[in-house]
$ cat input.txt   # compact mmCIF, C-alpha atoms
# COMPACT_ATOMS: atom_id res chain seq x y z
CA MET S 1345 -9.17 -17.41 64.37
CA ALA S 1346 -6.22 -19.75 64.35
CA GLY S 1347 -2.97 -18.20 65.38
CA ASP S 1348 0.31 -18.36 63.55
CA MET S 1349 0.32 -21.48 61.39
CA GLY S 1350 3.98 -21.18 60.38
CA THR S 1351 6.56 -23.73 61.45
CA PRO S 1352 9.63 -22.64 63.44
CA LEU S 1353 11.80 -23.53 60.45
CA LYS S 1354 9.81 -21.15 58.29
CA HIS S 1355 10.40 -18.36 60.80
CA VAL S 1356 14.11 -19.05 60.84
CA ARG S 1357 14.25 -18.87 57.07
CA GLY S 1358 12.10 -15.77 57.00
CA LEU S 1359 9.64 -17.28 54.57
CA GLY S 1360 6.12 -16.01 54.52
CA PRO S 1361 3.25 -15.58 52.11
CA ALA S 1362 4.63 -12.26 50.97
CA LYS S 1363 8.01 -13.73 50.14
CA SER S 1364 6.86 -16.70 48.13
CA GLY S 1365 3.85 -17.28 45.93
CA THR S 1366 4.91 -14.68 43.39
CA GLY S 1367 6.59 -17.47 41.44
CA HIS S 1368 3.81 -17.73 38.89
CA PHE S 1369 3.47 -13.98 38.54
CA TRP S 1370 7.17 -13.62 37.90
CA ARG S 1371 7.45 -16.62 35.57
CA GLN S 1372 4.48 -15.38 33.54
CA ARG S 1373 6.26 -12.08 32.92
CA LEU S 1374 9.64 -13.71 32.31
CA THR S 1375 8.16 -15.97 29.63
CA ALA S 1376 6.12 -13.05 28.25
CA VAL S 1377 9.33 -11.10 27.65
CA ALA S 1378 10.99 -14.16 26.12
CA ASN S 1379 7.94 -14.85 23.96
CA VAL S 1380 8.20 -11.52 22.10
CA PRO S 1381 11.46 -12.13 20.18
CA LEU S 1382 10.77 -15.88 20.01
CA THR S 1383 7.33 -15.32 18.47
CA ILE S 1384 8.75 -12.90 15.91
CA ALA S 1385 11.41 -15.50 15.04
CA PHE S 1386 8.79 -18.26 14.86
CA VAL S 1387 6.58 -16.27 12.47
CA LEU S 1388 9.57 -15.54 10.23
CA ILE S 1389 10.53 -19.23 10.21
CA ALA S 1390 6.94 -20.35 9.53
CA VAL S 1391 6.45 -17.87 6.67
CA GLY S 1392 9.84 -18.86 5.27
CA LEU S 1393 8.75 -22.51 5.17
CA LEU S 1394 5.49 -21.84 3.30
CA GLY S 1395 5.25 -23.76 0.06
CA ARG S 1396 8.51 -25.64 0.54
CA ASN S 1397 8.64 -29.37 0.05
CA HIS S 1398 9.09 -31.85 2.89
CA ALA S 1399 12.81 -32.38 2.37
CA ALA S 1400 13.51 -28.65 2.54
CA VAL S 1401 11.33 -28.23 5.64
CA VAL S 1402 13.12 -31.10 7.39
CA GLN S 1403 16.48 -29.60 6.51
CA ILE S 1404 15.59 -26.09 7.72
CA LEU S 1405 13.75 -27.07 10.92
CA GLY S 1406 16.55 -29.47 11.81
CA SER S 1407 19.39 -26.97 11.32
CA PRO S 1408 21.01 -26.05 14.67
CA LEU S 1409 20.06 -22.37 14.87
CA ILE S 1410 16.44 -22.85 13.79
CA ALA S 1411 16.04 -25.93 16.00
CA VAL S 1412 17.33 -24.10 19.08
CA ILE S 1413 15.03 -21.12 18.42
CA MET S 1414 12.08 -23.50 17.97
CA LEU S 1415 12.93 -25.38 21.18
CA LEU S 1416 13.18 -22.11 23.14
CA PHE S 1417 9.89 -20.95 21.62
CA ILE S 1418 8.15 -24.21 22.54
CA MET S 1419 9.54 -24.18 26.09
CA SER S 1420 8.66 -20.55 26.77
CA VAL S 1421 5.22 -20.69 25.14
CA THR S 1422 4.05 -23.88 26.85
CA THR S 1423 5.18 -22.58 30.26
CA HIS S 1424 3.42 -19.27 29.63
CA MET S 1425 0.20 -20.86 28.42
CA ARG S 1426 0.04 -23.33 31.32
CA ILE S 1427 0.16 -20.50 33.86
CA GLY S 1428 -2.28 -18.42 31.82
CA MET S 1429 -4.84 -21.22 31.56
CA GLN S 1430 -4.44 -21.93 35.27
CA VAL S 1431 -5.47 -18.35 36.02
CA ILE S 1432 -8.49 -18.68 33.73
CA ILE S 1433 -9.54 -21.94 35.43
CA GLU S 1434 -9.11 -20.46 38.91
CA ASP S 1435 -11.17 -17.42 37.89
CA TYR S 1436 -14.16 -19.27 36.48
CA VAL S 1437 -14.29 -22.79 37.95
CA HIS S 1438 -15.33 -22.76 41.59
CA ASP S 1439 -16.32 -26.39 42.12
CA GLU S 1440 -13.32 -27.89 43.95
CA GLY S 1441 -13.38 -31.27 42.20
CA ARG S 1442 -13.85 -29.86 38.72
CA LYS S 1443 -11.17 -27.24 39.35
CA LEU S 1444 -8.68 -29.89 40.47
CA PHE S 1445 -9.45 -31.99 37.42
CA LEU S 1446 -9.05 -29.08 35.01
CA LEU S 1447 -5.83 -27.89 36.66
CA MET S 1448 -4.36 -31.38 36.22
CA ALA S 1449 -5.63 -31.62 32.64
CA ASN S 1450 -4.09 -28.19 31.96
CA THR S 1451 -0.66 -29.35 33.07
CA PHE S 1452 -0.96 -32.61 31.15
CA PHE S 1453 -1.96 -30.73 27.99
CA ALA S 1454 0.85 -28.17 28.22
CA VAL S 1455 3.49 -30.78 28.99
CA ALA S 1456 2.25 -33.15 26.27
CA VAL S 1457 2.13 -30.44 23.58
CA GLY S 1458 5.52 -29.10 24.64
CA LEU S 1459 7.21 -32.47 24.77
CA ALA S 1460 5.67 -33.70 21.50
CA SER S 1461 6.77 -30.52 19.68
CA ALA S 1462 10.25 -30.58 21.20
CA PHE S 1463 10.61 -34.28 20.41
CA ALA S 1464 9.69 -33.63 16.78
CA ILE S 1465 12.33 -30.88 16.54
CA LEU S 1466 14.96 -33.18 18.05
CA MET S 1467 14.01 -35.94 15.61
CA LEU S 1468 14.41 -33.49 12.71
CA SER S 1469 17.75 -32.29 14.10
CA PHE S 1470 19.22 -35.73 14.49
CA LYS S 1471 17.53 -36.98 11.28
CA VAL S 1472 16.24 -40.08 13.06
CA MET K 94 -37.98 -27.60 62.31
CA ALA K 95 -38.06 -24.13 60.91
CA GLU K 96 -38.19 -23.71 57.19
CA THR K 97 -35.06 -22.51 55.54
CA LYS K 98 -35.54 -18.88 54.83
CA ALA K 99 -34.70 -17.49 51.46
CA PRO K 100 -31.62 -15.28 51.75
CA ALA K 101 -32.51 -11.67 52.38
CA GLU K 102 -32.56 -9.42 49.36
CA ARG K 103 -29.40 -7.54 50.12
CA PRO K 104 -27.85 -5.22 47.61
CA LEU K 105 -25.03 -6.88 45.73
CA SER K 106 -21.85 -5.10 44.87
CA PRO K 107 -21.87 -4.13 41.21
CA HIS K 108 -19.95 -6.38 38.86
CA LEU K 109 -18.50 -5.73 35.42
CA PHE K 110 -21.85 -5.57 33.68
CA ILE K 111 -22.91 -2.42 35.47
CA TYR K 112 -20.17 -0.44 33.82
CA LYS K 113 -20.32 1.02 30.36
CA PRO K 114 -17.96 -1.13 28.28
CA THR K 115 -14.72 0.71 27.63
CA LEU K 116 -12.02 -0.05 25.09
CA THR K 117 -9.43 -1.08 27.69
CA MET K 118 -11.96 -3.36 29.38
CA THR K 119 -12.92 -5.00 26.10
CA MET K 120 -9.30 -5.47 25.12
CA SER K 121 -8.52 -7.03 28.48
CA ILE K 122 -11.17 -9.65 27.77
CA VAL K 123 -9.91 -10.08 24.20
CA HIS K 124 -6.39 -10.63 25.58
CA ARG K 125 -7.69 -13.53 27.63
CA ILE K 126 -9.75 -14.96 24.74
CA THR K 127 -6.81 -14.77 22.31
CA GLY K 128 -4.62 -16.42 24.97
CA ALA K 129 -7.08 -19.30 25.31
CA GLY K 130 -7.29 -19.60 21.51
CA LEU K 131 -3.51 -19.73 21.19
CA TYR K 132 -3.45 -22.37 23.93
CA PHE K 133 -5.48 -24.79 21.80
CA GLY K 134 -3.77 -23.54 18.64
CA THR K 135 -0.51 -25.09 19.85
CA LEU K 136 -2.09 -28.42 18.84
CA LEU K 137 -1.64 -27.26 15.24
CA LEU K 138 2.01 -26.47 15.90
CA ALA K 139 2.60 -29.88 17.50
CA TRP K 140 0.75 -31.60 14.63
CA TRP K 141 2.78 -29.71 12.01
CA LEU K 142 6.12 -30.53 13.68
CA ILE K 143 5.30 -34.19 14.35
CA ALA K 144 4.12 -34.60 10.75
CA ALA K 145 7.34 -33.04 9.48
CA ALA K 146 9.33 -35.45 11.66
CA SER K 147 7.23 -38.45 10.60
CA SER K 148 7.02 -38.71 6.81
CA PRO K 149 6.47 -36.74 3.59
CA ASN K 150 2.96 -38.20 3.44
CA ALA K 151 2.04 -37.02 6.93
CA TYR K 152 3.48 -33.60 6.11
CA ALA K 153 1.44 -33.44 2.91
CA GLY K 154 -1.66 -34.25 4.99
CA VAL K 155 -1.06 -31.23 7.24
CA GLY K 156 -0.36 -29.12 4.19
CA SER K 157 -3.64 -30.00 2.50
CA PHE K 158 -5.58 -29.21 5.67
CA MET K 159 -3.78 -25.89 6.22
CA SER K 160 -4.34 -24.81 2.62
CA SER K 161 -8.05 -25.69 2.68
CA PHE K 162 -10.52 -22.84 3.24
CA VAL K 163 -11.15 -23.85 6.85
CA GLY K 164 -7.43 -24.36 7.42
CA ARG K 165 -6.57 -20.91 6.08
CA LEU K 166 -9.34 -19.37 8.16
CA ILE K 167 -7.94 -21.02 11.30
CA LEU K 168 -4.39 -19.99 10.43
CA PHE K 169 -5.48 -16.41 9.74
CA GLY K 170 -7.26 -16.28 13.09
CA TYR K 171 -4.23 -17.86 14.73
CA THR K 172 -1.93 -15.25 13.18
CA TRP K 173 -4.10 -12.40 14.43
CA ALA K 174 -4.50 -13.93 17.90
CA LEU K 175 -0.73 -14.37 18.14
CA MET K 176 0.01 -10.79 17.06
CA HIS K 177 -2.74 -9.35 19.23
CA HIS K 178 -1.70 -11.31 22.31
CA MET K 179 1.94 -10.33 21.73
CA LEU K 180 1.20 -6.60 21.40
CA GLY K 181 -1.34 -6.75 24.23
CA GLY K 182 1.32 -8.48 26.30
CA ILE K 183 3.83 -5.71 25.58
CA ARG K 184 1.16 -3.20 26.66
CA HIS K 185 0.68 -5.12 29.91
CA LEU K 186 4.45 -5.21 30.47
CA ILE K 187 4.55 -1.42 30.05
CA TRP K 188 1.69 -1.11 32.52
CA ASP K 189 3.57 -3.44 34.92
CA THR K 190 6.24 -0.77 35.23
CA GLY K 191 3.56 1.70 36.35
CA ARG K 192 3.75 3.75 33.15
CA GLY K 193 1.08 4.44 30.57
CA PHE K 194 -1.91 4.72 32.88
CA GLY K 195 -2.86 8.29 32.04
CA PRO K 196 -6.31 8.78 30.48
CA HIS K 197 -4.79 9.57 27.10
CA GLU K 198 -1.88 7.11 27.22
CA ARG K 199 -3.88 4.04 28.16
CA GLU K 200 -6.35 4.61 25.31
CA TRP K 201 -3.54 5.28 22.88
CA LEU K 202 -1.69 2.12 23.89
CA THR K 203 -4.84 0.05 23.53
CA VAL K 204 -5.73 1.44 20.09
CA ALA K 205 -2.10 0.96 19.01
CA SER K 206 -2.12 -2.70 19.97
CA LEU K 207 -5.36 -3.30 18.04
CA VAL K 208 -4.26 -1.41 14.92
CA GLY K 209 -0.81 -2.98 15.19
CA SER K 210 -2.12 -6.53 15.45
CA ILE K 211 -4.40 -6.15 12.42
CA SER K 212 -1.65 -4.49 10.38
CA LEU K 213 0.95 -7.12 11.28
CA THR K 214 -1.47 -9.92 10.44
CA VAL K 215 -2.22 -8.44 7.03
CA VAL K 216 1.48 -7.82 6.35
CA ILE K 217 2.41 -11.39 7.33
CA TRP K 218 -0.25 -12.80 4.99
CA ILE K 219 0.69 -10.51 2.12
CA VAL K 220 4.32 -11.56 2.52
CA GLY K 221 3.18 -15.18 2.73
CA TYR K 222 1.20 -14.96 -0.50
CA LEU K 223 3.38 -12.65 -2.56
CA PHE K 224 6.87 -13.76 -1.78
CA MET K 225 6.48 -17.32 -0.65
CA GLY K 226 3.62 -18.44 -2.84
CA GLY K 227 1.15 -18.69 0.03
CA PRO K 228 0.17 -21.80 1.96
CA ARG K 229 0.28 -24.80 -0.32
$ encode --input "input.txt" --output "structure tokens"
Amino acid sequence: MAGDMGTPLKHVRGLGPAKSGTGHFWRQRLTAVANVPLTIAFVLIAVGLLGRNHAAVVQILGSPLIAVIMLLFIMSVTTHMRIGMQVIIEDYVHDEGRKLFLLMANTFFAVAVGLASAFAILMLSFKV
Amino acid sequence: MAETKAPAERPLSPHLFIYKPTLTMTMSIVHRITGAGLYFGTLLLAWWLIAAASSPNAYAGVGSFMSSFVGRLILFGYTWALMHHMLGGIRHLIWDTGRGFGPHEREWLTVASLVGSISLTVVIWIVGYLFMGGPR
């Protein structure tokens, strides 16, 4: 077996596998906690917008408080779902090439959905 | 050159399928399935928001899809998946603290998240229809 693969700098900084690599685990739980109140708020907003005409929807979604809640919801949810889908891919896809492709596609999807949704909210806020 | 021998018939370690399905096991799988469903469901959210930001016509297009039978079915499923994943997530957060693993507690928590998600979904839709006029 190969010996210690760590660099001297890593030793100085005290970094090791046990001290890093929990980033995803932690972020998944952080966003999970954030998602609870944000999801409740989102459902209330969505139900409140049912049956309203376009002008009213634009007005409500673009108002500062609602827009900020929606932006937080979008940010937290897309981060959470990207990590979650990554775990699913890593669990079931074992072909290296296919896994790499799907992991990239996963990030592209999450970023695209998040950015598109956030951009729409900003457009509504600034009435562009 | 010697022929490649077929791998010896060694006993394999038992996987999930050897166990009798339990409620917590099933709900763990459902948590993952609802998560994956919500993942693709965000396309609806993005579509809805972009349409609202684009034009009254685009927004009306989303509205007519959402109020169609298929649209309502998808939205109903989305509502349940969202509520179920949220309550299942809270259950997992409780378990993360090391609590709720007793034989009675873990079953109770799991049943509560299922009953809770169905109830919340029904309540949200009743509120949607009664007080807001339902999806139009």
$ closest_residue --input "input.txt" --among "K:Ala205, K:Ile167, K:Leu175, K:Ala144" --to "Val1421 of chain S" --atoms "all atoms listed in the file"
K:Leu175
$ interface_residues --input "input.txt" --of "chain K" --to "chain S" --cutoff "9 Å" --atoms "all atoms listed in the file" --output "NGL selection string"
:K and (125 or 128-129 or 131-132 or 135-136 or 138-150 or 152-153 or 156 or 172 or 175-176 or 179-180 or 182-183 or 186 or 217-218 or 220-222 or 225-229)
$ axis_aligned_box --input "input.txt" --around "segment 137-147 of chain K" --padding-each-side "5 Å" --output "lines of an AutoDock Vina configuration file"
center_x = 3.8
center_y = -32.5
center_z = 13.5
size_x = 21.0
size_y = 22.0
size_z = 18.0
$ atom_distance --input "input.txt" --atom1 "atom CA of Thr203 of chain K" --atom2 "atom CA of His124 of chain K"
11.0 Å
$ atom_distance --input "input.txt" --atom1 "atom CA of Ala1411 of chain S" --atom2 "atom CA of Gly154 of chain K"
22.4 Å
$ atom_distance --input "input.txt" --atom1 "atom CA of Gln1430 of chain S" --atom2 "atom CA of Trp173 of chain K"
22.9 Å
$ closest_residue --input "input.txt" --among "K:Arg184, K:Phe169, K:Thr119, K:Ile111" --to "Trp201 of chain K" --atoms "all atoms listed in the file"
K:Arg184
